[in-house]
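Here is the structure we will look at.
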Amino acid sequence: MRIAAIRLLCPDPAATAAFYAAAFGAVIAPGGARLALGAQTIELAPSSDRRDAPAPSNGTGFQHCALIVPDMDAAYAHLRGVPGWTPISRAGPERLPAASGGVRAFKFRDPDGHPLEFLAFPPDAVPPVWRGRSGRAHRPERWVPACGDKPMRQTNLEKRPGSEIQDAPLVLGIDHTAITVTDTERAVAFYAGLGFRVTQRGVNRGPEQARMDAVDDPVVEVTGLAPPGGAPPHLELLCYRAPGSIPSACADDAPLATRIVLTGDGDASGLLSDPDGHRLVLAADRP
């Protein structure tokens, strides 16, 4: 079992794909329904046009993808030149205390309201999976149909001030998807039934966390879960001891009804919900 993709529901998948290509250098597969960010995959599916109010960081309707960036300043400067997104974090990228990993992080929403996070590890604490993945010249690009069946690549972002070609990819890939839960141990038990194991536990708090999450005086239990397959993305549980996790929900066809796509368990298929209503899709294994 592994997390094969994160499925985002979008009123206009083509527009969403164009944003991800321009903002993060995502590669759009032929057909436009799949995006590659490094070795990880985002799937795009059509949604209704309803626009529910987005859940706050401590709402159970909140789920974000953490995008690994080798250079936070460069990624943030580039993002500021791409229209359509909105910030969650109150004061730009934050450096969290050493007790919270010492990472730099910035949370924001894409044009459809899906929460995202830029995440940069300290140079001496980069996980092995993310080491040595930079160094390639970066130019946001997309796949477009060519003559015959073979697609070709095409630049998807014209040069503008603040969007110069970088010395490395802006985004290396998706490290994890984080979900807000009301009870850590209940969620751990549910995901253990799917083969996930706890790899990390901690408690985040302080003014940096408050600014990053846009939640006053937060105390957050952070629990990392690795899927049986091991490779990223993994799953992260966020349980707010203070001010408390707030139950929230959206319709199945709403733009914020994100799915975690799991594969690797034979031909099993179906739709599951965890105890807090987060949606999971069991799909037949894929390449």
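Residues in the structure tokens are named by chain (A, B, ... in the order shown) and by number from 1 within that chain; ligands are numbered from 1 in the order shown.
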Within 10 Å of Arg109 in chain A, counting only C-alpha atoms, which residues show up once you throw out same-chain ones fewer than 5 positions away? Write them as a PDB file with all heavy atoms, in the first residue's frame, please.
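Below is the file out07.pdb, written as the result:
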```pdb
ATOM      1  N   PRO A  54     -13.523  28.087   3.119  1.00  0.00           N
ATOM      2  CA  PRO A  54     -12.439  27.152   3.436  1.00  0.00           C
ATOM      3  C   PRO A  54     -12.317  26.934   4.936  1.00  0.00           C
ATOM      4  O   PRO A  54     -12.538  27.846   5.739  1.00  0.00           O
ATOM      5  CB  PRO A  54     -11.198  27.846   2.871  1.00  0.00           C
ATOM      6  CG  PRO A  54     -11.554  29.290   2.824  1.00  0.00           C
ATOM      7  CD  PRO A  54     -13.014  29.343   2.538  1.00  0.00           C
ATOM      8  N   HIS A  64      -3.614  19.762   3.625  1.00  0.00           N
ATOM      9  CA  HIS A  64      -2.660  20.429   2.741  1.00  0.00           C
ATOM     10  C   HIS A  64      -1.606  19.457   2.225  1.00  0.00           C
ATOM     11  O   HIS A  64      -1.361  18.403   2.820  1.00  0.00           O
ATOM     12  CB  HIS A  64      -1.996  21.635   3.432  1.00  0.00           C
ATOM     13  CG  HIS A  64      -0.921  21.310   4.424  1.00  0.00           C
ATOM     14  ND1 HIS A  64      -1.067  21.480   5.775  1.00  0.00           N
ATOM     15  CD2 HIS A  64       0.352  20.874   4.255  1.00  0.00           C
ATOM     16  CE1 HIS A  64       0.029  21.155   6.399  1.00  0.00           C
ATOM     17  NE2 HIS A  64       0.927  20.766   5.500  1.00  0.00           N
ATOM     18  N   GLY A  84      -3.369  34.597  -8.392  1.00  0.00           N
ATOM     19  CA  GLY A  84      -4.452  33.662  -8.109  1.00  0.00           C
ATOM     20  C   GLY A  84      -4.441  33.038  -6.729  1.00  0.00           C
ATOM     21  O   GLY A  84      -5.489  32.646  -6.224  1.00  0.00           O
ATOM     22  N   TRP A  85      -3.291  32.910  -6.093  1.00  0.00           N
ATOM     23  CA  TRP A  85      -3.212  32.251  -4.788  1.00  0.00           C
ATOM     24  C   TRP A  85      -3.503  33.245  -3.668  1.00  0.00           C
ATOM     25  O   TRP A  85      -3.458  34.461  -3.879  1.00  0.00           O
ATOM     26  CB  TRP A  85      -1.822  31.635  -4.589  1.00  0.00           C
ATOM     27  CG  TRP A  85      -0.698  32.641  -4.594  1.00  0.00           C
ATOM     28  CD1 TRP A  85      -0.085  33.175  -5.691  1.00  0.00           C
ATOM     29  CD2 TRP A  85      -0.094  33.244  -3.452  1.00  0.00           C
ATOM     30  NE1 TRP A  85       0.872  34.076  -5.302  1.00  0.00           N
ATOM     31  CE2 TRP A  85       0.889  34.138  -3.931  1.00  0.00           C
ATOM     32  CE3 TRP A  85      -0.271  33.124  -2.073  1.00  0.00           C
ATOM     33  CZ2 TRP A  85       1.692  34.903  -3.072  1.00  0.00           C
ATOM     34  CZ3 TRP A  85       0.532  33.882  -1.220  1.00  0.00           C
ATOM     35  CH2 TRP A  85       1.499  34.750  -1.736  1.00  0.00           C
ATOM     36  N   THR A  86      -3.795  32.734  -2.481  1.00  0.00           N
ATOM     37  CA  THR A  86      -4.019  33.577  -1.312  1.00  0.00           C
ATOM     38  C   THR A  86      -3.239  33.017  -0.125  1.00  0.00           C
ATOM     39  O   THR A  86      -3.121  31.797   0.025  1.00  0.00           O
ATOM     40  CB  THR A  86      -5.510  33.654  -0.942  1.00  0.00           C
ATOM     41  OG1 THR A  86      -6.019  32.327  -0.758  1.00  0.00           O
ATOM     42  CG2 THR A  86      -6.308  34.354  -2.026  1.00  0.00           C
ATOM     43  N   PRO A  87      -2.719  33.872   0.735  1.00  0.00           N
ATOM     44  CA  PRO A  87      -1.926  33.375   1.872  1.00  0.00           C
ATOM     45  C   PRO A  87      -2.804  32.829   2.990  1.00  0.00           C
ATOM     46  O   PRO A  87      -3.922  33.294   3.212  1.00  0.00           O
ATOM     47  CB  PRO A  87      -1.159  34.620   2.333  1.00  0.00           C
ATOM     48  CG  PRO A  87      -2.035  35.767   1.931  1.00  0.00           C
ATOM     49  CD  PRO A  87      -2.710  35.340   0.662  1.00  0.00           C
ATOM     50  N   ILE A  88      -2.278  31.843   3.689  1.00  0.00           N
ATOM     51  CA  ILE A  88      -2.796  31.421   4.984  1.00  0.00           C
ATOM     52  C   ILE A  88      -1.900  32.012   6.069  1.00  0.00           C
ATOM     53  O   ILE A  88      -2.382  32.656   6.995  1.00  0.00           O
ATOM     54  CB  ILE A  88      -2.853  29.885   5.102  1.00  0.00           C
ATOM     55  CG1 ILE A  88      -3.853  29.305   4.106  1.00  0.00           C
ATOM     56  CG2 ILE A  88      -3.207  29.463   6.531  1.00  0.00           C
ATOM     57  CD1 ILE A  88      -3.836  27.789   4.027  1.00  0.00           C
ATOM     58  N   SER A  89      -0.587  31.791   5.936  1.00  0.00           N
ATOM     59  CA  SER A  89       0.368  32.329   6.904  1.00  0.00           C
ATOM     60  C   SER A  89       0.283  33.847   6.926  1.00  0.00           C
ATOM     61  O   SER A  89       0.132  34.500   5.883  1.00  0.00           O
ATOM     62  CB  SER A  89       1.779  31.876   6.563  1.00  0.00           C
ATOM     63  OG  SER A  89       1.885  30.455   6.618  1.00  0.00           O
ATOM     64  N   HIS A 114      -7.502  25.076  -2.340  1.00  0.00           N
ATOM     65  CA  HIS A 114      -6.780  23.940  -1.762  1.00  0.00           C
ATOM     66  C   HIS A 114      -5.578  24.445  -0.963  1.00  0.00           C
ATOM     67  O   HIS A 114      -4.750  25.179  -1.503  1.00  0.00           O
ATOM     68  CB  HIS A 114      -6.284  22.994  -2.854  1.00  0.00           C
ATOM     69  CG  HIS A 114      -7.357  22.481  -3.748  1.00  0.00           C
ATOM     70  ND1 HIS A 114      -7.391  22.772  -5.101  1.00  0.00           N
ATOM     71  CD2 HIS A 114      -8.450  21.711  -3.497  1.00  0.00           C
ATOM     72  CE1 HIS A 114      -8.444  22.187  -5.653  1.00  0.00           C
ATOM     73  NE2 HIS A 114      -9.112  21.541  -4.697  1.00  0.00           N
ATOM     74  N   PRO A 115      -5.428  24.047   0.298  1.00  0.00           N
ATOM     75  CA  PRO A 115      -4.262  24.487   1.077  1.00  0.00           C
ATOM     76  C   PRO A 115      -2.976  23.796   0.616  1.00  0.00           C
ATOM     77  O   PRO A 115      -2.971  22.604   0.286  1.00  0.00           O
ATOM     78  CB  PRO A 115      -4.618  24.059   2.517  1.00  0.00           C
ATOM     79  CG  PRO A 115      -6.090  23.829   2.513  1.00  0.00           C
ATOM     80  CD  PRO A 115      -6.407  23.327   1.131  1.00  0.00           C
ATOM     81  N   LEU A 116      -1.901  24.559   0.613  1.00  0.00           N
ATOM     82  CA  LEU A 116      -0.580  24.082   0.244  1.00  0.00           C
ATOM     83  C   LEU A 116       0.430  24.631   1.232  1.00  0.00           C
ATOM     84  O   LEU A 116       0.176  25.610   1.933  1.00  0.00           O
ATOM     85  CB  LEU A 116      -0.215  24.532  -1.175  1.00  0.00           C
ATOM     86  CG  LEU A 116      -1.127  24.041  -2.305  1.00  0.00           C
ATOM     87  CD1 LEU A 116      -0.851  24.837  -3.584  1.00  0.00           C
ATOM     88  CD2 LEU A 116      -0.928  22.547  -2.551  1.00  0.00           C
ATOM     89  N   GLU A 117       1.600  24.002   1.247  1.00  0.00           N
ATOM     90  CA  GLU A 117       2.672  24.475   2.128  1.00  0.00           C
ATOM     91  C   GLU A 117       4.002  24.357   1.406  1.00  0.00           C
ATOM     92  O   GLU A 117       4.301  23.303   0.827  1.00  0.00           O
ATOM     93  CB  GLU A 117       2.715  23.629   3.413  1.00  0.00           C
ATOM     94  CG  GLU A 117       3.836  24.017   4.366  1.00  0.00           C
ATOM     95  CD  GLU A 117       3.903  23.102   5.580  1.00  0.00           C
ATOM     96  OE1 GLU A 117       3.775  21.865   5.413  1.00  0.00           O
ATOM     97  OE2 GLU A 117       4.096  23.603   6.706  1.00  0.00           O
TER      98      GLU A 117
END
```
Strand (DSSP E) residues, from DSSP on the backbone, in range 8-142 of chain A, as a ChimeraX atom specification: /A:8-10,27-28,34-37,40-46,63-68,86-87,94-95,104-109,115-120,141-142
For Cys250 in chain A, the nearest of the candidates A:Ile28, A:Ala178, A:Ala22, A:Ala55, counting only C-alpha atoms: A:Ala55
Give one line per residue of range 217-286 of chain A that approaches range 183-205 of chain A to at most 6 Å, naming the two atoms of the closest pair and their distance in Å to one decimal, counting only C-alpha atoms; sort by chain then ascending residue number and deliver it as a Markdown table.
```
| residue | atom | partner | partner_atom | distance |
| --- | --- | --- | --- | --- |
| A:Pro218 | CA | A:Arg205 | CA | 5.6 |
| A:Val219 | CA | A:Arg205 | CA | 4.8 |
| A:Val220 | CA | A:Asn204 | CA | 5.1 |
| A:Glu221 | CA | A:Val203 | CA | 4.6 |
| A:Val222 | CA | A:Gly202 | CA | 5.2 |
| A:Thr223 | CA | A:Arg201 | CA | 4.5 |
| A:Gly224 | CA | A:Gln200 | CA | 4.8 |
| A:Leu225 | CA | A:Val198 | CA | 4.6 |
| A:Ala226 | CA | A:Phe196 | CA | 5.3 |
| A:Pro227 | CA | A:Phe196 | CA | 4.5 |
| A:Pro228 | CA | A:Gly195 | CA | 5.7 |
```
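One finds CA of Val181 in chain A at 27.7 Å from CA of Arg34 in chain A.
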Residues flagged alpha helix (DSSP H) by DSSP in range 155-271 of chain A, as a ChimeraX atom specification: /A:184-192,207-213
Take the residues from that selection and put them in a file with N, CA and C atoms, as an mmCIF file, in the first residue's frame.
```cif
data_model
loop_
_atom_site.group_PDB
_atom_site.id
_atom_site.type_symbol
_atom_site.label_atom_id
_atom_site.label_comp_id
_atom_site.auth_asym_id
_atom_site.auth_seq_id
_atom_site.Cartn_x
_atom_site.Cartn_y
_atom_site.Cartn_z
ATOM 1 N N THR A 184 -5.986 12.117 17.961
ATOM 2 C CA THR A 184 -4.807 11.513 17.337
ATOM 3 C C THR A 184 -4.850 9.996 17.394
ATOM 4 N N GLU A 185 -5.112 9.427 18.574
ATOM 5 C CA GLU A 185 -5.021 7.974 18.712
ATOM 6 C C GLU A 185 -6.107 7.265 17.912
ATOM 7 N N ARG A 186 -7.279 7.861 17.802
ATOM 8 C CA ARG A 186 -8.324 7.268 16.975
ATOM 9 C C ARG A 186 -7.896 7.245 15.513
ATOM 10 N N ALA A 187 -7.294 8.347 15.043
ATOM 11 C CA ALA A 187 -6.829 8.398 13.654
ATOM 12 C C ALA A 187 -5.673 7.428 13.431
ATOM 13 N N VAL A 188 -4.743 7.341 14.393
ATOM 14 C CA VAL A 188 -3.626 6.404 14.264
ATOM 15 C C VAL A 188 -4.154 4.977 14.139
ATOM 16 N N ALA A 189 -5.145 4.621 14.950
ATOM 17 C CA ALA A 189 -5.705 3.270 14.891
ATOM 18 C C ALA A 189 -6.349 2.993 13.539
ATOM 19 N N PHE A 190 -7.060 3.973 12.996
ATOM 20 C CA PHE A 190 -7.691 3.780 11.688
ATOM 21 C C PHE A 190 -6.635 3.534 10.618
ATOM 22 N N TYR A 191 -5.617 4.373 10.566
ATOM 23 C CA TYR A 191 -4.620 4.235 9.503
ATOM 24 C C TYR A 191 -3.706 3.031 9.722
ATOM 25 N N ALA A 192 -3.543 2.606 10.988
ATOM 26 C CA ALA A 192 -2.802 1.369 11.232
ATOM 27 C C ALA A 192 -3.501 0.191 10.573
ATOM 28 N N PRO A 207 4.635 31.497 18.832
ATOM 29 C CA PRO A 207 4.180 32.550 17.910
ATOM 30 C C PRO A 207 4.440 32.219 16.446
ATOM 31 N N GLU A 208 5.509 31.480 16.162
ATOM 32 C CA GLU A 208 5.788 31.129 14.766
ATOM 33 C C GLU A 208 4.692 30.212 14.219
ATOM 34 N N GLN A 209 4.283 29.240 15.025
ATOM 35 C CA GLN A 209 3.204 28.334 14.604
ATOM 36 C C GLN A 209 1.904 29.098 14.432
ATOM 37 N N ALA A 210 1.644 30.050 15.342
ATOM 38 C CA ALA A 210 0.415 30.851 15.256
ATOM 39 C C ALA A 210 0.374 31.642 13.956
ATOM 40 N N ARG A 211 1.499 32.280 13.605
ATOM 41 C CA ARG A 211 1.524 33.060 12.359
ATOM 42 C C ARG A 211 1.419 32.153 11.140
ATOM 43 N N MET A 212 2.082 31.007 11.190
ATOM 44 C CA MET A 212 2.070 30.110 10.037
ATOM 45 C C MET A 212 0.675 29.551 9.787
ATOM 46 N N ASP A 213 -0.030 29.141 10.865
ATOM 47 C CA ASP A 213 -1.339 28.509 10.722
ATOM 48 C C ASP A 213 -2.495 29.503 10.706
#
```
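Here CA of Ile68 in chain A and CA of Pro30 in chain A stand 24.5 Å from one another.
The gap separating CA of Pro128 in chain A from CA of Leu170 in chain A is 18.5 Å, in Å to one decimal.
Proximity ranking of A:Met72, A:Cys10, A:Ala77, A:Asp124 relative to Arg104 in chain A places A:Met72 first, based on only C-alpha atoms.
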Residue nearest Glu236 in chain A - candidates A:Ala66, A:Ala284, A:Ala75, A:Ala45, atoms counted: only C-alpha atoms: A:Ala66
Spatial neighbours of Asp252 in chain A, 10 Å, only C-alpha atoms, chain gap at least 3 places, as a PyMOL selection string: chain A and resi 9+47-48+249+255-259+279
Take the residues from that selection and write them out as an mmCIF file, in the first residue's frame, keeping all heavy atoms.
```cif
data_model
loop_
_atom_site.group_PDB
_atom_site.id
_atom_site.type_symbol
_atom_site.label_atom_id
_atom_site.label_comp_id
_atom_site.auth_asym_id
_atom_site.auth_seq_id
_atom_site.Cartn_x
_atom_site.Cartn_y
_atom_site.Cartn_z
ATOM 1 N N LEU A 9 -10.142 18.181 -6.444
ATOM 2 C CA LEU A 9 -11.327 18.486 -7.228
ATOM 3 C C LEU A 9 -11.315 19.971 -7.589
ATOM 4 O O LEU A 9 -11.011 20.807 -6.734
ATOM 5 C CB LEU A 9 -12.599 18.138 -6.457
ATOM 6 C CG LEU A 9 -13.089 16.681 -6.567
ATOM 7 C CD1 LEU A 9 -12.047 15.697 -6.087
ATOM 8 C CD2 LEU A 9 -14.402 16.491 -5.826
ATOM 9 N N SER A 47 -15.085 19.284 -10.297
ATOM 10 C CA SER A 47 -15.924 19.440 -9.122
ATOM 11 C C SER A 47 -17.153 20.262 -9.486
ATOM 12 O O SER A 47 -17.285 20.764 -10.606
ATOM 13 C CB SER A 47 -15.159 20.158 -8.006
ATOM 14 O OG SER A 47 -15.016 21.540 -8.323
ATOM 15 N N SER A 48 -18.034 20.440 -8.516
ATOM 16 C CA SER A 48 -19.125 21.388 -8.674
ATOM 17 C C SER A 48 -18.562 22.800 -8.599
ATOM 18 O O SER A 48 -17.384 23.010 -8.284
ATOM 19 C CB SER A 48 -20.164 21.189 -7.566
ATOM 20 O OG SER A 48 -19.597 21.537 -6.303
ATOM 21 N N ALA A 249 -16.962 19.924 7.439
ATOM 22 C CA ALA A 249 -17.152 19.009 6.320
ATOM 23 C C ALA A 249 -17.553 19.785 5.084
ATOM 24 O O ALA A 249 -17.968 20.945 5.160
ATOM 25 C CB ALA A 249 -18.213 17.972 6.652
ATOM 26 N N PRO A 255 -15.057 21.568 -4.311
ATOM 27 C CA PRO A 255 -13.633 21.681 -4.649
ATOM 28 C C PRO A 255 -12.687 21.253 -3.530
ATOM 29 O O PRO A 255 -11.576 20.797 -3.813
ATOM 30 C CB PRO A 255 -13.473 23.172 -4.971
ATOM 31 C CG PRO A 255 -14.823 23.598 -5.437
ATOM 32 C CD PRO A 255 -15.788 22.810 -4.608
ATOM 33 N N LEU A 256 -13.099 21.370 -2.275
ATOM 34 C CA LEU A 256 -12.188 21.034 -1.178
ATOM 35 C C LEU A 256 -12.348 19.600 -0.683
ATOM 36 O O LEU A 256 -11.762 19.232 0.337
ATOM 37 C CB LEU A 256 -12.395 22.021 -0.019
ATOM 38 C CG LEU A 256 -12.129 23.489 -0.382
ATOM 39 C CD1 LEU A 256 -12.294 24.381 0.833
ATOM 40 C CD2 LEU A 256 -10.741 23.664 -0.987
ATOM 41 N N ALA A 257 -13.091 18.775 -1.414
ATOM 42 C CA ALA A 257 -13.260 17.367 -1.056
ATOM 43 C C ALA A 257 -12.100 16.545 -1.618
ATOM 44 O O ALA A 257 -12.269 15.658 -2.465
ATOM 45 C CB ALA A 257 -14.602 16.848 -1.553
ATOM 46 N N THR A 258 -10.914 16.826 -1.141
ATOM 47 C CA THR A 258 -9.685 16.181 -1.626
ATOM 48 C C THR A 258 -9.682 14.689 -1.285
ATOM 49 O O THR A 258 -10.182 14.276 -0.239
ATOM 50 C CB THR A 258 -8.463 16.878 -1.000
ATOM 51 O OG1 THR A 258 -8.433 18.236 -1.461
ATOM 52 C CG2 THR A 258 -7.168 16.196 -1.373
ATOM 53 N N ARG A 259 -9.096 13.883 -2.169
ATOM 54 C CA ARG A 259 -8.958 12.448 -1.952
ATOM 55 C C ARG A 259 -7.474 12.065 -1.864
ATOM 56 O O ARG A 259 -6.658 12.592 -2.599
ATOM 57 C CB ARG A 259 -9.557 11.652 -3.105
ATOM 58 C CG ARG A 259 -11.055 11.336 -3.005
ATOM 59 C CD ARG A 259 -11.912 12.474 -3.422
ATOM 60 N NE ARG A 259 -13.270 12.008 -3.740
ATOM 61 C CZ ARG A 259 -14.356 12.742 -3.604
ATOM 62 N NH1 ARG A 259 -14.281 13.983 -3.159
ATOM 63 N NH2 ARG A 259 -15.549 12.257 -3.913
ATOM 64 N N ARG A 279 -11.284 11.793 2.914
ATOM 65 C CA ARG A 279 -11.637 10.792 1.909
ATOM 66 C C ARG A 279 -10.400 10.073 1.369
ATOM 67 O O ARG A 279 -9.378 10.717 1.064
ATOM 68 C CB ARG A 279 -12.385 11.477 0.757
ATOM 69 C CG ARG A 279 -13.710 12.125 1.201
ATOM 70 C CD ARG A 279 -14.192 13.140 0.200
ATOM 71 N NE ARG A 279 -15.503 13.692 0.527
ATOM 72 C CZ ARG A 279 -15.676 14.749 1.345
ATOM 73 N NH1 ARG A 279 -14.640 15.355 1.891
ATOM 74 N NH2 ARG A 279 -16.886 15.193 1.591
#
```
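Of the listed residues (A:Asp217, A:Asp253, A:Asp112, A:Asp175), A:Asp175 comes nearest to Leu235 in chain A; the distances count only C-alpha atoms.
Counting only C-alpha atoms, range 57-60 of chain A has the following residues at most 7 Å away, ignoring those fewer than 5 positions along the same chain: Thr180, Val181, Asp213, Tyr240, Gly244, Ser245, Ile246, Pro247, Ser248 and Asp276 of chain A.
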Exercise: Phe121 in chain A partners within 8 Å, only C-alpha atoms, chain neighbours under 4 positions left out, as a PyMOL selection string: chain A and resi 70+102-104+125-126
Residue contacts of Leu79 in chain A (9 Å, only C-alpha atoms) excluding same-chain residues fewer than 3 positions away, as a PyMOL selection string: chain A and resi 22-24+74-76+82-83+85+162-163
